[in-house]
file model-v1.cif (mmCIF, C-alpha atoms)
data_query
#
loop_
_atom_site.label_atom_id
_atom_site.label_comp_id
_atom_site.auth_asym_id
_atom_site.auth_seq_id
_atom_site.Cartn_x
_atom_site.Cartn_y
_atom_site.Cartn_z
CA MET P 1 121.44 65.29 99.50
CA MET P 2 121.87 63.58 96.20
CA SER P 3 123.78 65.43 93.58
CA LEU P 4 121.91 66.67 90.55
CA GLU P 5 123.06 66.92 86.99
CA SER P 6 120.64 69.74 86.25
CA ILE P 7 117.46 71.26 87.62
CA PRO P 8 114.67 68.64 87.42
CA ILE P 9 111.96 69.36 84.88
CA GLN P 10 109.35 69.00 87.63
CA ALA P 11 110.57 72.24 89.21
CA PHE P 12 109.78 74.19 86.04
CA LEU P 13 106.43 72.43 85.66
CA ILE P 14 105.41 73.23 89.24
CA VAL P 15 106.31 76.90 88.84
CA SER P 16 104.27 77.10 85.65
CA SER P 17 101.31 75.28 87.24
CA ALA P 18 101.30 77.70 90.15
CA LEU P 19 101.55 80.68 87.82
CA PHE P 20 98.67 79.35 85.73
CA CYS P 21 96.46 78.89 88.79
CA ILE P 22 97.28 82.38 90.06
CA GLY P 23 96.27 83.67 86.63
CA ILE P 24 92.97 81.81 86.73
CA TRP P 25 92.26 83.12 90.23
CA GLY P 26 92.93 86.66 89.09
CA LEU P 27 90.78 86.18 86.01
CA LEU P 28 87.84 84.99 88.10
CA ASN P 29 88.15 87.47 90.95
CA SER P 30 89.27 90.79 89.49
CA ARG P 31 86.77 93.57 89.08
CA ASN P 32 89.09 95.84 87.13
CA ALA P 33 89.11 94.96 83.44
CA VAL P 34 92.80 95.86 83.07
CA ARG P 35 93.66 93.37 85.80
CA VAL P 36 91.74 90.69 83.90
CA LEU P 37 93.97 91.32 80.89
CA MET P 38 97.04 91.10 83.12
CA SER P 39 95.84 87.74 84.46
CA ILE P 40 95.47 86.45 80.92
CA GLU P 41 99.07 87.49 80.24
CA LEU P 42 100.17 85.60 83.37
CA MET P 43 98.42 82.45 82.13
CA LEU P 44 100.04 82.76 78.70
CA ASN P 45 103.42 83.09 80.38
CA ALA P 46 102.78 79.95 82.40
CA VAL P 47 102.05 78.06 79.19
CA ASN P 48 105.25 79.46 77.68
CA ILE P 49 107.34 78.25 80.63
CA ASN P 50 105.82 74.80 80.15
CA LEU P 51 106.62 74.75 76.44
CA MET P 52 110.15 75.94 77.02
CA ALA P 53 110.81 73.36 79.74
CA PHE P 54 109.59 70.53 77.54
CA SER P 55 111.56 71.79 74.56
CA SER P 56 114.72 71.90 76.64
CA TYR P 57 114.33 68.57 78.45
CA VAL P 58 112.37 66.33 76.08
CA ASP P 59 113.14 67.72 72.64
CA ASN P 60 116.52 69.32 73.13
CA ASN P 61 117.78 68.79 69.60
CA LEU P 62 114.86 69.98 67.47
CA ILE P 63 113.55 72.55 70.03
CA GLN P 64 110.13 72.84 68.42
CA GLY P 65 108.79 74.13 71.74
CA GLN P 66 110.79 77.31 71.35
CA VAL P 67 109.17 77.92 67.96
CA PHE P 68 105.77 77.42 69.55
CA THR P 69 106.73 79.89 72.26
CA ILE P 70 107.57 82.48 69.62
CA PHE P 71 104.11 82.00 68.09
CA VAL P 72 102.43 82.23 71.51
CA ILE P 73 104.28 85.50 72.19
CA THR P 74 103.07 86.82 68.82
CA VAL P 75 99.46 85.91 69.52
CA ALA P 76 99.73 87.36 73.04
CA ALA P 77 100.92 90.68 71.67
CA ALA P 78 98.01 90.79 69.21
CA GLU P 79 95.59 89.79 71.98
CA ALA P 80 96.84 92.53 74.29
CA ALA P 81 96.47 95.20 71.59
CA VAL P 82 92.94 94.18 70.61
CA GLY P 83 91.91 93.59 74.25
CA LEU P 84 93.01 97.02 75.36
CA ALA P 85 91.30 98.62 72.35
CA ILE P 86 88.06 96.85 73.31
CA LEU P 87 88.60 98.04 76.88
CA LEU P 88 88.97 101.66 75.77
CA SER P 89 85.86 101.39 73.64
CA LEU P 90 83.93 99.89 76.56
CA TYR P 91 85.18 102.61 78.88
CA ARG P 92 83.99 105.24 76.44
CA ASN P 93 80.49 103.79 76.42
CA ARG P 94 80.11 102.76 80.05
CA VAL P 95 82.48 105.19 81.89
CA THR P 96 83.67 102.37 84.11
CA VAL P 97 86.12 99.47 84.06
CA ASP P 98 84.14 97.41 86.56
CA MET P 99 83.66 93.91 85.17
CA GLU P 100 80.31 93.58 86.96
CA SER P 101 78.80 96.39 84.91
CA PHE P 102 79.56 94.79 81.55
CA ASN P 103 76.43 92.68 81.46
CA LEU P 104 74.96 93.59 78.09
CA LEU P 105 74.97 90.00 76.85
CA LYS P 106 73.47 88.58 80.04
CA TRP P 107 69.88 87.48 79.71
CA MET A 1 124.98 74.78 80.07
CA SER A 2 128.33 75.66 81.51
CA ILE A 3 127.15 77.21 84.78
CA ALA A 4 127.67 75.11 87.90
CA ILE A 5 124.62 73.30 89.20
CA THR A 6 124.62 75.19 92.50
CA THR A 7 124.49 78.51 90.70
CA GLN A 8 121.68 77.20 88.52
CA ILE A 9 119.65 76.13 91.53
CA ILE A 10 120.16 79.47 93.27
CA CYS A 11 119.15 81.37 90.12
CA PHE A 12 116.13 79.14 89.60
CA THR A 13 114.95 79.55 93.20
CA VAL A 14 115.29 83.33 93.17
CA LEU A 15 113.57 83.64 89.77
CA SER A 16 110.68 81.36 90.72
CA LEU A 17 110.15 83.20 93.99
CA VAL A 18 110.07 86.52 92.14
CA ILE A 19 107.63 85.05 89.59
CA LEU A 20 105.22 83.59 92.13
CA ILE A 21 105.29 86.48 94.62
CA GLY A 22 105.06 89.00 91.79
CA ALA A 23 102.12 87.15 90.24
CA LEU A 24 100.34 87.08 93.60
CA GLY A 25 100.98 90.80 93.87
CA VAL A 26 99.55 91.36 90.39
CA VAL A 27 96.25 89.75 91.30
CA LEU A 28 96.01 90.83 94.95
CA LEU A 29 97.29 94.40 95.23
CA GLU A 30 94.77 97.20 95.50
CA SER A 31 96.56 99.67 93.26
CA ILE A 32 96.44 98.71 89.59
CA VAL A 33 99.61 100.71 88.86
CA TYR A 34 101.65 98.61 91.27
CA SER A 35 100.18 95.54 89.61
CA ALA A 36 101.34 96.72 86.20
CA PHE A 37 104.90 97.31 87.35
CA LEU A 38 105.01 93.98 89.19
CA LEU A 39 103.82 92.36 85.97
CA GLY A 40 106.90 93.78 84.27
CA GLY A 41 109.05 92.16 86.96
CA VAL A 42 107.31 88.83 86.43
CA PHE A 43 107.96 89.04 82.67
CA MET A 44 111.65 89.79 83.27
CA SER A 45 111.98 86.82 85.63
CA VAL A 46 110.32 84.53 83.09
CA ALA A 47 112.95 85.72 80.60
CA GLY A 48 115.57 84.73 83.18
CA LEU A 49 114.07 81.24 83.36
CA TYR A 50 114.35 81.00 79.59
CA LEU A 51 118.04 81.89 79.85
CA LEU A 52 118.44 79.03 82.34
CA LEU A 53 116.86 76.78 79.72
CA ASN A 54 119.48 77.72 77.07
CA ALA A 55 117.07 79.82 75.03
CA SER A 56 118.65 83.21 74.61
CA PHE A 57 116.62 84.17 71.54
CA VAL A 58 113.26 83.50 73.19
CA ALA A 59 114.43 85.34 76.31
CA ALA A 60 115.28 88.38 74.20
CA ALA A 61 111.92 88.14 72.41
CA GLN A 62 110.17 87.88 75.78
CA VAL A 63 111.87 91.03 77.07
CA LEU A 64 111.23 92.95 73.85
CA VAL A 65 107.63 91.94 73.30
CA TYR A 66 106.27 91.53 76.81
CA VAL A 67 108.18 94.14 78.78
CA GLY A 68 108.70 96.52 75.89
CA ALA A 69 105.32 96.33 74.22
CA VAL A 70 102.60 94.57 76.21
CA ASN A 71 103.50 96.03 79.59
CA VAL A 72 103.89 99.54 78.22
CA LEU A 73 100.52 99.14 76.48
CA ILE A 74 98.90 98.06 79.75
CA ILE A 75 100.41 101.04 81.57
CA PHE A 76 99.08 103.34 78.85
CA ALA A 77 95.62 101.80 79.19
CA ILE A 78 95.74 102.30 82.96
CA MET A 79 96.69 105.91 82.40
CA LEU A 80 93.73 106.38 80.05
CA VAL A 81 91.06 104.68 82.15
CA ASN A 82 92.39 105.30 85.66
CA LYS A 83 89.52 106.99 87.42
CA LYS A 84 88.69 106.65 91.07
CA GLU A 85 85.35 104.95 91.28
CA ASP A 86 83.47 103.31 94.10
CA LEU A 87 82.62 99.80 93.03
CA LYS A 88 79.13 98.62 93.73
CA PRO A 89 79.14 95.86 96.32
CA ILE A 90 78.17 92.41 95.12
CA ASN A 91 75.88 90.57 97.46
CA ASP A 92 77.28 87.04 97.19
CA ILE A 93 80.95 87.98 96.89
CA LYS A 94 82.01 85.73 99.75
CA SER A 95 80.63 82.49 98.33
CA ARG A 96 82.01 83.44 94.94
CA ARG A 97 85.48 83.91 96.43
CA ILE A 98 85.29 80.59 98.25
CA ILE A 99 84.16 78.69 95.16
CA SER A 100 86.77 80.22 92.85
CA THR A 101 89.59 79.76 95.33
CA SER A 102 88.70 76.12 95.90
CA ILE A 103 88.51 75.53 92.15
CA CYS A 104 91.96 77.07 91.69
CA LEU A 105 93.48 75.08 94.56
CA THR A 106 91.97 71.86 93.22
CA LEU A 107 93.35 72.53 89.77
CA LEU A 108 96.73 73.37 91.27
CA SER A 109 96.90 70.14 93.25
CA LEU A 110 95.82 68.15 90.19
CA LEU A 111 98.50 69.77 88.02
CA ILE A 112 101.22 69.30 90.63
CA ARG A 113 100.25 65.68 91.06
CA VAL A 114 100.54 65.13 87.32
CA ASP A 115 103.87 66.96 87.26
CA LEU A 116 105.32 64.81 90.02
CA THR A 117 103.90 61.38 89.25
CA ASN A 118 104.23 61.24 85.49
CA VAL A 119 107.42 59.71 84.15
CA TRP A 120 108.74 62.11 81.54
CA SER A 121 110.73 60.57 78.72
CA LEU A 122 113.68 62.90 78.95
CA SER A 123 116.19 62.89 76.15
CA SER A 124 119.86 62.63 76.90
CA PRO A 125 121.67 65.93 77.31
CA GLN A 126 124.44 64.78 74.95
CA ASN A 127 122.61 65.69 71.75
CA SER A 128 121.38 68.97 73.17
CA ILE A 129 121.72 71.81 70.73
CA GLY A 130 122.69 74.22 73.51
CA GLU A 131 123.51 77.73 72.48
CA GLU A 132 122.87 77.01 68.80
CA SER A 133 119.15 77.30 69.37
CA THR A 134 118.78 80.59 67.52
CA ILE A 135 120.04 78.97 64.31
CA ARG A 136 117.66 76.05 64.77
CA ILE A 137 114.70 78.38 65.36
CA GLY A 138 115.53 80.20 62.13
CA GLU A 139 115.66 76.90 60.24
CA HIS A 140 112.28 75.91 61.69
CA LEU A 141 110.66 79.23 60.86
CA PHE A 142 111.72 79.07 57.23
CA SER A 143 111.15 75.40 56.56
CA ASP A 144 108.50 73.39 58.40
CA TYR A 145 106.85 76.31 60.23
CA LEU A 146 106.78 78.63 57.22
CA LEU A 147 102.98 78.71 56.90
CA PRO A 148 102.34 79.55 60.59
CA PHE A 149 105.05 82.19 60.34
CA GLU A 150 103.31 83.89 57.43
CA VAL A 151 99.89 83.52 59.04
CA ALA A 152 101.30 85.19 62.16
CA SER A 153 102.29 88.20 60.08
CA VAL A 154 98.75 88.44 58.70
CA LEU A 155 97.43 88.09 62.26
CA LEU A 156 99.60 90.96 63.45
CA LEU A 157 98.37 93.15 60.60
CA MET A 158 94.76 92.29 61.41
CA ALA A 159 95.30 92.99 65.10
CA MET A 160 96.87 96.35 64.30
CA ILE A 161 94.01 97.45 62.04
CA GLY A 162 91.44 96.03 64.45
CA ALA A 163 92.92 97.88 67.40
CA ILE A 164 92.90 101.15 65.47
CA VAL A 165 89.28 100.68 64.37
CA LEU A 166 88.11 99.69 67.86
CA ALA A 167 89.88 102.48 69.70
CA ARG A 168 88.91 105.21 67.24
CA ARG A 169 86.32 107.64 68.45
CA ASP A 170 84.61 108.81 65.25
CA VAL A 171 83.73 105.53 63.59
CA MET A 172 80.08 106.38 63.35
CA ASN A 173 78.62 109.77 64.01
CA LYS A 174 75.05 108.54 63.94
CA ASP A 175 73.39 105.94 66.05
CA ILE A 176 72.41 103.02 63.85
CA SER A 177 69.00 102.39 65.37
CA THR A 178 67.75 105.88 66.17
CA GLY A 179 69.60 108.04 63.66
CA LEU A 180 70.43 110.58 66.32
CA PRO A 181 73.95 111.99 66.44
CA VAL A 182 76.15 110.02 68.78
CA ASP A 183 77.65 111.77 71.78
CA GLN A 184 81.32 112.11 70.88
CA GLU A 185 82.39 114.10 73.90
CA LEU A 186 85.44 113.35 75.95
CA ILE A 187 84.92 110.70 78.53
CA GLU A 188 85.14 112.32 81.92
CA LYS A 189 82.37 114.87 81.71
CA SER A 190 82.22 115.63 85.40
CA SER A 191 85.85 116.65 85.73
CA GLU A 192 87.04 120.19 85.21
CA PRO A 193 89.39 120.78 82.29
CA LEU A 194 92.89 121.19 83.58
CA LEU A 195 93.78 124.64 82.28
CA THR A 196 90.53 126.57 82.86
CA ASN A 197 91.19 127.95 86.33
CA LYS A 198 94.43 129.60 85.29
CA ASN A 199 92.82 132.75 83.95
#

call {"tool": "encode", "arguments": {"input": "model-v1.cif", "output": "structure tokens"}}
result
Amino acid sequence: MMSLESIPIQAFLIVSSALFCIGIWGLLNSRNAVRVLMSIELMLNAVNINLMAFSSYVDNNLIQGQVFTIFVITVAAAEAAVGLAILLSLYRNRVTVDMESFNLLKW
Amino acid sequence: MSIAITTQIICFTVLSLVILIGALGVVLLESIVYSAFLLGGVFMSVAGLYLLLNASFVAAAQVLVYVGAVNVLIIFAIMLVNKKEDLKPINDIKSRRIISTSICLTLLSLLIRVDLTNVWSLSSPQNSIGEESTIRIGEHLFSDYLLPFEVASVLLLMAMIGAIVLARRDVMNKDISTGLPVDQELIEKSSEPLLTNKN
């Protein structure tokens, strides 16, 4: 086995790709609205891993990727708060968290 | 980083396994409570990956914001809406599953192919900033990323007010279209109140 200086960047990218695809699968297939929000958080984390890997391997002096990750974490926190508030409001009106019953905008 | 490469590889393997298996558990497990706690584990392991990438500040922010705030918020939401309900069966669930799974696998293979075949222009590790990254993030936030930083604070304020307005119960006590008073009762009407059968 050849000796490595550090972990290859491809390893991080593959982990984040797999995490992103798991998130998309959960987003498409969950029927519980809370699980949909969790899948969105998984996808945001996959994007963050990608940004961090690039900032450490490609841009390791200016590390702008880490700043972007901070902003993504901020937006994710805001998204989670508003998403769960919408979920509570939906639950109050529909008495269910089943995604299939939220079809008010469907023609 | 000063850790030996073998240790790094072992840490990376363990963390990635925890991330992937935990994420699969989040989307596949029946019980939503288990999913929420597994999600916390996934967030902690992602913070561990950040530590491997020399980013201690972002790892701390990840633990504080995701595990401390987002995950706790999700667990609170589960506690508020957790009611046993029998989901209505969907008639074409099988074809839907097949289509979505094949789409996800195709996307995954595409992404992995790009990851492996592209030649990344890696910079030399000599000029790496290493453990000084917190200082550099602070410089970025107060010089060239000052406007996004301020806009993020406004965004957080808007999200806070928006969440309060959306989750409040007594926003309107009259229906807009009919003028009738809106039903403001508690949600689970069929359940017995907890303390009534004491006396």

call {"tool": "residues_around", "arguments": {"input": "model-v1.cif", "residues": "Phe54 (chain P)", "least_positions_apart": "4", "cutoff": "10 Å", "atoms": "only C-alpha atoms", "output": "JSON, numbers by chain"}}
result
{"P": [9, 12, 13, 48, 49, 50, 58, 59, 60, 63, 64, 65, 66], "A": [53, 120, 122]}

call {"tool": "write_last_selection", "arguments": {"input": "model-v1.cif", "atoms": "C-alpha atoms", "output": "tab-separated table (two decimals), keeping the file's coordinate frame"}}
result
chain	number	residue	atom	x	y	z
P	9	ILE	CA	111.96	69.36	84.88
P	12	PHE	CA	109.78	74.19	86.04
P	13	LEU	CA	106.43	72.43	85.66
P	48	ASN	CA	105.25	79.46	77.68
P	49	ILE	CA	107.34	78.25	80.63
P	50	ASN	CA	105.82	74.80	80.15
P	58	VAL	CA	112.37	66.33	76.08
P	59	ASP	CA	113.14	67.72	72.64
P	60	ASN	CA	116.52	69.32	73.13
P	63	ILE	CA	113.55	72.55	70.03
P	64	GLN	CA	110.13	72.84	68.42
P	65	GLY	CA	108.79	74.13	71.74
P	66	GLN	CA	110.79	77.31	71.35
A	53	LEU	CA	116.86	76.78	79.72
A	120	TRP	CA	108.74	62.11	81.54
A	122	LEU	CA	113.68	62.90	78.95

call {"tool": "residues_around", "arguments": {"input": "model-v1.cif", "residues": "Val47 (chain P)", "least_positions_apart": "6", "cutoff": "12 Å", "atoms": "only C-alpha atoms", "output": "number ranges by chain"}}
result
P: 12-21, 23, 40-41, 53-54, 65-66, 68-73, 76; A: 46

call {"tool": "atom_distance", "arguments": {"input": "model-v1.cif", "atom1": "CA of Ser56 (chain A)", "atom2": "CA of Ile74 (chain A)"}}
result
25.2 Å

call {"tool": "closest_residue", "arguments": {"input": "model-v1.cif", "among": "A:Leu20, A:Leu147, A:Leu52, A:Ala60", "to": "chain P", "atoms": "all atoms listed in the file"}}
result
A:Leu20

call {"tool": "closest_residue", "arguments": {"input": "model-v1.cif", "among": "P:Ala80, P:Ile86, P:Leu44, P:Leu28", "to": "Asn71 (chain A)", "atoms": "all atoms listed in the file"}}
result
P:Ala80
